[in-house]
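**Student:** Structure below; questions to follow.
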Amino acid sequence: MSGESKMFPTTLNEVTQEASGGHSELFDGVVRVDGSFGEGGGQIIRNAVTLACILKREIEVVKIRANRPNPGLASQHLESILALLRLTGATSRATLRKGITEFDLNAIKTDESTGEIGQSVDNSLVTTIDLKTAGSITLCIQCILPYLLSSSIMSKVTIIGGTHVMKAPNVDYMNYVFIPIMKQIGYQFDIDMLRPGYYPRGGGRVVLKIPRPTNPNGGKFHSFNLTQRGKLVQKSAILNLTTPLFDQKGTIISKVKSIDGSDVKINRVSYASVEYFLKYENAALGFYRLVEGRPPRPTLDEFLHAIGTVEAEFIEFYNSSVTVDTFLQDQLIIYMTLAKLQNPNNVSEFTTLAPLCDHAMSAIHVAELFTGLKFTISLSESIVHILL
């Protein structure tokens, strides 16, 4: 379906104004978010808290990860929420801690005079977020970046945690795919990895740097069209190898079939991962597997199996015409939403391979819950087209 319900504010400005006044039916009560919806993971929590802080909303989140083996907030979700509360001045009546299955958050009275942003010196925010585990640094960035981009100050945020973790894009992916695409759309920021961190210790250190907007009073969110990827520029790979695997790098390189050896970067590190990248004129895609295991694991066979898995996904996307990979799908949804609220005439769209990932479906659900906007999702053979 497409179109917008008239009971909802139609611009980002109206959203924040009505949030303060409480006149719209949408804002007469809190937004209630079912944390068990769909895949029922952290994506629902992250997007709900981020949208609440940007749109100045009050929310209640219940049934957090209710269907997971370990229900409730995990450490990385908790620390990301606490970080946003610190940055924005949003409040909660709950005692936020690991394992809780519901909480409230009120961001209605926040603005750039509240929280750490309001206490910043010379319109510059410098702060540190410690995830205290190997929790994903990149997922924390997903949570705080939209809010920081919505502000009118320079930000430098150091995040301590996991740079390479399971089921999350790693920092290499952010620099090879996410940042180039976001800069193509019109956003300016950089991510520097000072030290890697991985399961179970964490300890990685990454710096997120956002310059002061050149036009603070202008639009802060940008629509985009990611439907034509253009000519292929490069196929490349990064193989991160533990010392035992590095000693067998000849065998490993021989199993890389889809990328020329001169475009394969090998690193001798304390973790093992397989990372493939496609760079086009108008698109970038990435494919990644972390190969976990305490020494002497991961074994050579385990690493070669990961190469095979990544190559299969790489080939599938390479042989298609789509512009967005699995990791990027869900990350784009919140930016499509905020661009549409800022200017209802904006249209954003992208293509990807079916099926749409669970995280993307969760992000769409939360965006529609908060705004009343309706995404158009269409399928043609194996290609999914997302439009707002």
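Chain labels A, B, ... are given in the sequence in which chains occur in the structure tokens; within each chain residues are numbered consecutively from 1, and ligands are likewise numbered from 1 in the order shown.
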Do you know which residues are at most 12 Å from Lys132 in chain A counting only C-alpha atoms, after dropping those on the same chain fewer than 4 positions away, and could you put them as a list in words?
**Tutor:**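 Residues meeting the cut-off are Ala74, Ser75, Gln76, His77, Leu78, Glu79, Ser80, Lys98, Thr128, Ser136, Ile137, Ile159, Ile160, Gly161, Gly162, Gly197, Tyr199, Pro200, Arg201, Gly202, Gly203, Gly204 and Arg205 of chain A.
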**Student:** For Leu241 in chain A, list every protein, DNA or RNA residue within 10 Å, evaluated using only C-alpha atoms, and leave out those in the same chain fewer than 5 positions away; present the list as an mmCIF file with all heavy atoms, in the first residue's frame.
**Tutor:**
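And here's out_39.cif as it stands now:
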```cif
data_model
loop_
_atom_site.group_PDB
_atom_site.id
_atom_site.type_symbol
_atom_site.label_atom_id
_atom_site.label_comp_id
_atom_site.auth_asym_id
_atom_site.auth_seq_id
_atom_site.Cartn_x
_atom_site.Cartn_y
_atom_site.Cartn_z
ATOM 1 N N PHE A 246 46.677 -17.789 9.040
ATOM 2 C CA PHE A 246 47.617 -17.029 8.219
ATOM 3 C C PHE A 246 48.713 -17.934 7.670
ATOM 4 O O PHE A 246 49.187 -17.749 6.539
ATOM 5 C CB PHE A 246 48.224 -15.895 9.043
ATOM 6 C CG PHE A 246 49.048 -14.935 8.244
ATOM 7 C CD1 PHE A 246 48.455 -13.890 7.571
ATOM 8 C CD2 PHE A 246 50.434 -15.082 8.171
ATOM 9 C CE1 PHE A 246 49.210 -12.996 6.824
ATOM 10 C CE2 PHE A 246 51.199 -14.191 7.432
ATOM 11 C CZ PHE A 246 50.588 -13.143 6.754
ATOM 12 N N ASP A 247 49.111 -18.922 8.467
ATOM 13 C CA ASP A 247 50.147 -19.860 8.033
ATOM 14 C C ASP A 247 49.669 -20.741 6.875
ATOM 15 O O ASP A 247 50.479 -21.416 6.240
ATOM 16 C CB ASP A 247 50.599 -20.740 9.207
ATOM 17 C CG ASP A 247 51.328 -19.939 10.282
ATOM 18 O OD1 ASP A 247 51.831 -18.837 9.959
ATOM 19 O OD2 ASP A 247 51.379 -20.395 11.439
ATOM 20 N N GLN A 248 48.357 -20.731 6.611
ATOM 21 C CA GLN A 248 47.785 -21.519 5.509
ATOM 22 C C GLN A 248 47.127 -20.605 4.464
ATOM 23 O O GLN A 248 46.214 -21.014 3.758
ATOM 24 C CB GLN A 248 46.753 -22.503 6.062
ATOM 25 C CG GLN A 248 47.333 -23.446 7.123
ATOM 26 C CD GLN A 248 46.287 -24.374 7.701
ATOM 27 O OE1 GLN A 248 45.933 -25.398 7.119
ATOM 28 N NE2 GLN A 248 45.772 -24.009 8.866
ATOM 29 N N LYS A 249 47.653 -19.389 4.360
ATOM 30 C CA LYS A 249 47.023 -18.403 3.498
ATOM 31 C C LYS A 249 47.048 -18.805 2.026
ATOM 32 O O LYS A 249 46.166 -18.419 1.251
ATOM 33 C CB LYS A 249 47.667 -17.030 3.688
ATOM 34 C CG LYS A 249 49.135 -16.948 3.290
ATOM 35 C CD LYS A 249 49.662 -15.539 3.525
ATOM 36 C CE LYS A 249 51.140 -15.447 3.145
ATOM 37 N NZ LYS A 249 51.678 -14.078 3.355
ATOM 38 N N ILE A 252 44.048 -20.840 1.456
ATOM 39 C CA ILE A 252 42.868 -19.987 1.580
ATOM 40 C C ILE A 252 42.674 -19.140 0.324
ATOM 41 O O ILE A 252 41.573 -19.075 -0.222
ATOM 42 C CB ILE A 252 42.985 -19.109 2.841
ATOM 43 C CG1 ILE A 252 42.838 -19.982 4.099
ATOM 44 C CG2 ILE A 252 41.945 -17.989 2.840
ATOM 45 C CD1 ILE A 252 43.140 -19.265 5.396
ATOM 46 N N ILE A 266 44.837 -9.314 2.879
ATOM 47 C CA ILE A 266 44.946 -10.288 3.958
ATOM 48 C C ILE A 266 45.542 -9.605 5.189
ATOM 49 O O ILE A 266 46.596 -8.983 5.116
ATOM 50 C CB ILE A 266 45.822 -11.480 3.541
ATOM 51 C CG1 ILE A 266 45.175 -12.225 2.366
ATOM 52 C CG2 ILE A 266 46.028 -12.436 4.716
ATOM 53 C CD1 ILE A 266 45.989 -13.401 1.868
ATOM 54 N N ASN A 267 44.847 -9.748 6.320
ATOM 55 C CA ASN A 267 45.318 -9.186 7.581
ATOM 56 C C ASN A 267 45.582 -10.298 8.579
ATOM 57 O O ASN A 267 44.778 -11.229 8.720
ATOM 58 C CB ASN A 267 44.271 -8.235 8.171
ATOM 59 C CG ASN A 267 43.997 -7.049 7.280
ATOM 60 O OD1 ASN A 267 44.903 -6.496 6.683
ATOM 61 N ND2 ASN A 267 42.733 -6.654 7.182
ATOM 62 N N ARG A 268 46.700 -10.214 9.276
ATOM 63 C CA ARG A 268 47.004 -11.158 10.360
ATOM 64 C C ARG A 268 46.568 -10.516 11.666
ATOM 65 O O ARG A 268 47.196 -9.572 12.155
ATOM 66 C CB ARG A 268 48.504 -11.465 10.385
ATOM 67 C CG ARG A 268 48.911 -12.530 11.383
ATOM 68 C CD ARG A 268 50.375 -12.860 11.199
ATOM 69 N NE ARG A 268 50.810 -13.952 12.038
ATOM 70 C CZ ARG A 268 51.975 -14.568 11.894
ATOM 71 N NH1 ARG A 268 52.824 -14.178 10.931
ATOM 72 N NH2 ARG A 268 52.317 -15.545 12.685
ATOM 73 N N VAL A 269 45.477 -11.018 12.232
ATOM 74 C CA VAL A 269 44.862 -10.395 13.401
ATOM 75 C C VAL A 269 44.451 -11.483 14.398
ATOM 76 O O VAL A 269 44.824 -12.646 14.244
ATOM 77 C CB VAL A 269 43.625 -9.549 12.985
ATOM 78 C CG1 VAL A 269 44.063 -8.312 12.197
ATOM 79 C CG2 VAL A 269 42.655 -10.365 12.148
ATOM 80 N N SER A 270 43.676 -11.089 15.390
ATOM 81 C CA SER A 270 43.270 -12.026 16.445
ATOM 82 C C SER A 270 41.853 -12.553 16.265
ATOM 83 O O SER A 270 41.294 -13.132 17.193
ATOM 84 C CB SER A 270 43.392 -11.349 17.816
ATOM 85 O OG SER A 270 44.726 -10.954 18.057
ATOM 86 N N TYR A 271 41.270 -12.316 15.103
ATOM 87 C CA TYR A 271 39.934 -12.824 14.807
ATOM 88 C C TYR A 271 39.922 -13.247 13.348
ATOM 89 O O TYR A 271 40.879 -12.980 12.596
ATOM 90 C CB TYR A 271 38.867 -11.757 15.067
ATOM 91 C CG TYR A 271 39.079 -10.484 14.291
ATOM 92 C CD1 TYR A 271 38.482 -10.278 13.055
ATOM 93 C CD2 TYR A 271 39.910 -9.473 14.793
ATOM 94 C CE1 TYR A 271 38.691 -9.114 12.333
ATOM 95 C CE2 TYR A 271 40.125 -8.300 14.081
ATOM 96 C CZ TYR A 271 39.515 -8.136 12.854
ATOM 97 O OH TYR A 271 39.736 -6.979 12.143
ATOM 98 N N ALA A 272 38.856 -13.940 12.941
ATOM 99 C CA ALA A 272 38.788 -14.447 11.566
ATOM 100 C C ALA A 272 37.479 -14.001 10.925
ATOM 101 O O ALA A 272 36.402 -14.214 11.489
ATOM 102 C CB ALA A 272 38.901 -15.967 11.553
ATOM 103 N N SER A 273 37.579 -13.397 9.747
ATOM 104 C CA SER A 273 36.369 -12.991 9.029
ATOM 105 C C SER A 273 36.625 -12.995 7.538
ATOM 106 O O SER A 273 37.756 -12.829 7.072
ATOM 107 C CB SER A 273 35.886 -11.606 9.480
ATOM 108 O OG SER A 273 36.806 -10.594 9.107
ATOM 109 N N VAL A 274 35.528 -13.166 6.787
ATOM 110 C CA VAL A 274 35.543 -13.133 5.335
ATOM 111 C C VAL A 274 34.672 -11.966 4.903
ATOM 112 O O VAL A 274 33.505 -11.886 5.292
ATOM 113 C CB VAL A 274 34.994 -14.448 4.734
ATOM 114 C CG1 VAL A 274 35.005 -14.392 3.214
ATOM 115 C CG2 VAL A 274 35.771 -15.644 5.248
ATOM 116 N N VAL A 291 34.005 -15.724 11.596
ATOM 117 C CA VAL A 291 34.222 -17.150 11.859
ATOM 118 C C VAL A 291 34.738 -17.262 13.284
ATOM 119 O O VAL A 291 35.917 -17.049 13.558
ATOM 120 C CB VAL A 291 35.218 -17.758 10.855
ATOM 121 C CG1 VAL A 291 35.176 -19.288 10.926
ATOM 122 C CG2 VAL A 291 34.908 -17.298 9.431
ATOM 123 N N PRO A 298 39.019 -20.757 14.836
ATOM 124 C CA PRO A 298 38.370 -21.561 13.801
ATOM 125 C C PRO A 298 39.372 -22.372 12.991
ATOM 126 O O PRO A 298 40.505 -21.944 12.785
ATOM 127 C CB PRO A 298 37.688 -20.512 12.922
ATOM 128 C CG PRO A 298 38.537 -19.299 13.076
ATOM 129 C CD PRO A 298 39.001 -19.308 14.499
ATOM 130 N N PHE A 303 36.882 -21.968 8.100
ATOM 131 C CA PHE A 303 37.116 -20.721 7.370
ATOM 132 C C PHE A 303 36.802 -20.891 5.890
ATOM 133 O O PHE A 303 36.201 -20.010 5.270
ATOM 134 C CB PHE A 303 38.558 -20.251 7.550
ATOM 135 C CG PHE A 303 38.760 -18.819 7.139
ATOM 136 C CD1 PHE A 303 38.485 -17.783 8.017
ATOM 137 C CD2 PHE A 303 39.212 -18.505 5.862
ATOM 138 C CE1 PHE A 303 38.646 -16.460 7.636
ATOM 139 C CE2 PHE A 303 39.381 -17.184 5.471
ATOM 140 C CZ PHE A 303 39.098 -16.157 6.368
#
```
**Student:** In Å, with one decimal, what is the gap from CA of Gln342 in chain A to CA of Leu373 in chain A?
**Tutor:**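 Answer for the CA of Gln342 in chain A to CA of Leu373 in chain A separation: 12.4 Å.
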**Student:** From the options A:Thr371, A:Thr376, A:Thr299, A:Ser236, which residue's atoms come nearest to Phe314 in chain A, counting only C-alpha atoms?
**Tutor:**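 The answer is A:Ser236, which sits nearest to Phe314 in chain A.
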**Student:** For range 275-280 of chain A, work out the shell of residues within 6 Å, counting only C-alpha atoms and skipping chain neighbours fewer than 6 positions away, then give it as a PyMOL selection string.
**Tutor:** chain A and resi 229-238+286-288
**Student:** Can you write just those residues out, N, CA, C and O atoms, as a PDB file, in the first residue's frame?
**Tutor:**
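Saved as again_24.pdb:
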```
ATOM      1  N   ARG A 229      22.570   0.946 -10.419  1.00  0.00           N
ATOM      2  CA  ARG A 229      23.890   0.893  -9.807  1.00  0.00           C
ATOM      3  C   ARG A 229      25.026   1.329 -10.733  1.00  0.00           C
ATOM      4  O   ARG A 229      26.143   1.576 -10.271  1.00  0.00           O
ATOM      5  N   GLY A 230      24.787   1.431 -12.042  1.00  0.00           N
ATOM      6  CA  GLY A 230      25.822   1.875 -12.960  1.00  0.00           C
ATOM      7  C   GLY A 230      26.863   0.799 -13.221  1.00  0.00           C
ATOM      8  O   GLY A 230      26.677  -0.379 -12.914  1.00  0.00           O
ATOM      9  N   LYS A 231      27.992   1.226 -13.783  1.00  0.00           N
ATOM     10  CA  LYS A 231      29.040   0.275 -14.161  1.00  0.00           C
ATOM     11  C   LYS A 231      29.806  -0.238 -12.948  1.00  0.00           C
ATOM     12  O   LYS A 231      29.960   0.466 -11.954  1.00  0.00           O
ATOM     13  N   LEU A 232      30.293  -1.478 -13.063  1.00  0.00           N
ATOM     14  CA  LEU A 232      31.117  -2.055 -12.009  1.00  0.00           C
ATOM     15  C   LEU A 232      32.463  -1.333 -11.955  1.00  0.00           C
ATOM     16  O   LEU A 232      33.120  -1.146 -12.981  1.00  0.00           O
ATOM     17  N   VAL A 233      32.857  -0.926 -10.745  1.00  0.00           N
ATOM     18  CA  VAL A 233      34.144  -0.264 -10.549  1.00  0.00           C
ATOM     19  C   VAL A 233      35.184  -1.233  -9.993  1.00  0.00           C
ATOM     20  O   VAL A 233      36.321  -1.270 -10.455  1.00  0.00           O
ATOM     21  N   GLN A 234      34.780  -2.048  -9.007  1.00  0.00           N
ATOM     22  CA  GLN A 234      35.759  -2.946  -8.375  1.00  0.00           C
ATOM     23  C   GLN A 234      35.069  -4.077  -7.620  1.00  0.00           C
ATOM     24  O   GLN A 234      34.017  -3.887  -7.022  1.00  0.00           O
ATOM     25  N   LYS A 235      35.690  -5.246  -7.662  1.00  0.00           N
ATOM     26  CA  LYS A 235      35.379  -6.357  -6.772  1.00  0.00           C
ATOM     27  C   LYS A 235      36.586  -6.531  -5.849  1.00  0.00           C
ATOM     28  O   LYS A 235      37.719  -6.600  -6.331  1.00  0.00           O
ATOM     29  N   SER A 236      36.350  -6.620  -4.543  1.00  0.00           N
ATOM     30  CA  SER A 236      37.469  -6.722  -3.606  1.00  0.00           C
ATOM     31  C   SER A 236      37.085  -7.586  -2.416  1.00  0.00           C
ATOM     32  O   SER A 236      35.906  -7.897  -2.203  1.00  0.00           O
ATOM     33  N   ALA A 237      38.082  -7.965  -1.638  1.00  0.00           N
ATOM     34  CA  ALA A 237      37.840  -8.792  -0.457  1.00  0.00           C
ATOM     35  C   ALA A 237      38.856  -8.474   0.627  1.00  0.00           C
ATOM     36  O   ALA A 237      39.983  -8.037   0.338  1.00  0.00           O
ATOM     37  N   ILE A 238      38.448  -8.693   1.861  1.00  0.00           N
ATOM     38  CA  ILE A 238      39.338  -8.641   3.021  1.00  0.00           C
ATOM     39  C   ILE A 238      39.219  -9.978   3.734  1.00  0.00           C
ATOM     40  O   ILE A 238      38.107 -10.425   4.050  1.00  0.00           O
ATOM     41  N   GLY A 286      28.121  -5.190   0.310  1.00  0.00           N
ATOM     42  CA  GLY A 286      29.081  -5.944   1.101  1.00  0.00           C
ATOM     43  C   GLY A 286      28.493  -7.233   1.630  1.00  0.00           C
ATOM     44  O   GLY A 286      27.286  -7.337   1.887  1.00  0.00           O
ATOM     45  N   PHE A 287      29.372  -8.217   1.833  1.00  0.00           N
ATOM     46  CA  PHE A 287      28.972  -9.557   2.268  1.00  0.00           C
ATOM     47  C   PHE A 287      30.011 -10.048   3.263  1.00  0.00           C
ATOM     48  O   PHE A 287      31.213  -9.936   3.015  1.00  0.00           O
ATOM     49  N   TYR A 288      29.549 -10.619   4.379  1.00  0.00           N
ATOM     50  CA  TYR A 288      30.465 -10.767   5.517  1.00  0.00           C
ATOM     51  C   TYR A 288      30.084 -11.968   6.375  1.00  0.00           C
ATOM     52  O   TYR A 288      28.908 -12.231   6.586  1.00  0.00           O
TER      53      TYR A 288
END
```
**Student:** What separation in Å, quoted to one decimal, exists between CA of Ala107 in chain A and CA of Gln43 in chain A?
**Tutor:**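 Those two atoms sit 19.2 Å apart.
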**Student:** Return as a ChimeraX atom specification the full set of residues in range 124-270 of chain A whose backbone-based DSSP assignment is strand (DSSP E).
**Tutor:** /A:124-130,154-161,190-195,204-210,225-226,232-241,264-268
**Student:** Identify, on the basis of only C-alpha atoms, every residue whose closest approach to range 36-39 of chain A does not exceed 7 Å; exclude the query and any residue fewer than 3 positions from it along the same chain; express the result as a count of residues only.
**Tutor:** 7
**Student:** I'd like a table as CSV: residues in range 101-169 of chain A with an atom no more than 8 Å from range 324-336 of chain A, each row giving the shortest atom pair and its distance in Å to one decimal, only C-alpha atoms counted, sorted by chain and rising residue number.
**Tutor:**
```
residue,atom,partner,partner_atom,distance
A:Gln142,CA,A:Gln331,CA,7.1
A:Pro146,CA,A:Tyr335,CA,7.5
A:Ala168,CA,A:Phe327,CA,7.6
A:Pro169,CA,A:Phe327,CA,6.4
```
**Student:** Output C-alpha atoms of each residue in that selection to a file, as a short mmCIF file (atom, residue, chain, number, x, y, z; two decimals), in the first residue's frame.
**Tutor:**
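Writing the result to selection-v4.cif gives the following:
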```cif
data_model
loop_
_atom_site.label_atom_id
_atom_site.label_comp_id
_atom_site.auth_asym_id
_atom_site.auth_seq_id
_atom_site.Cartn_x
_atom_site.Cartn_y
_atom_site.Cartn_z
CA GLN A 142 22.78 2.91 13.84
CA PRO A 146 20.22 9.76 12.91
CA ALA A 168 25.91 -7.27 12.47
CA PRO A 169 27.77 -5.23 9.86
#
```
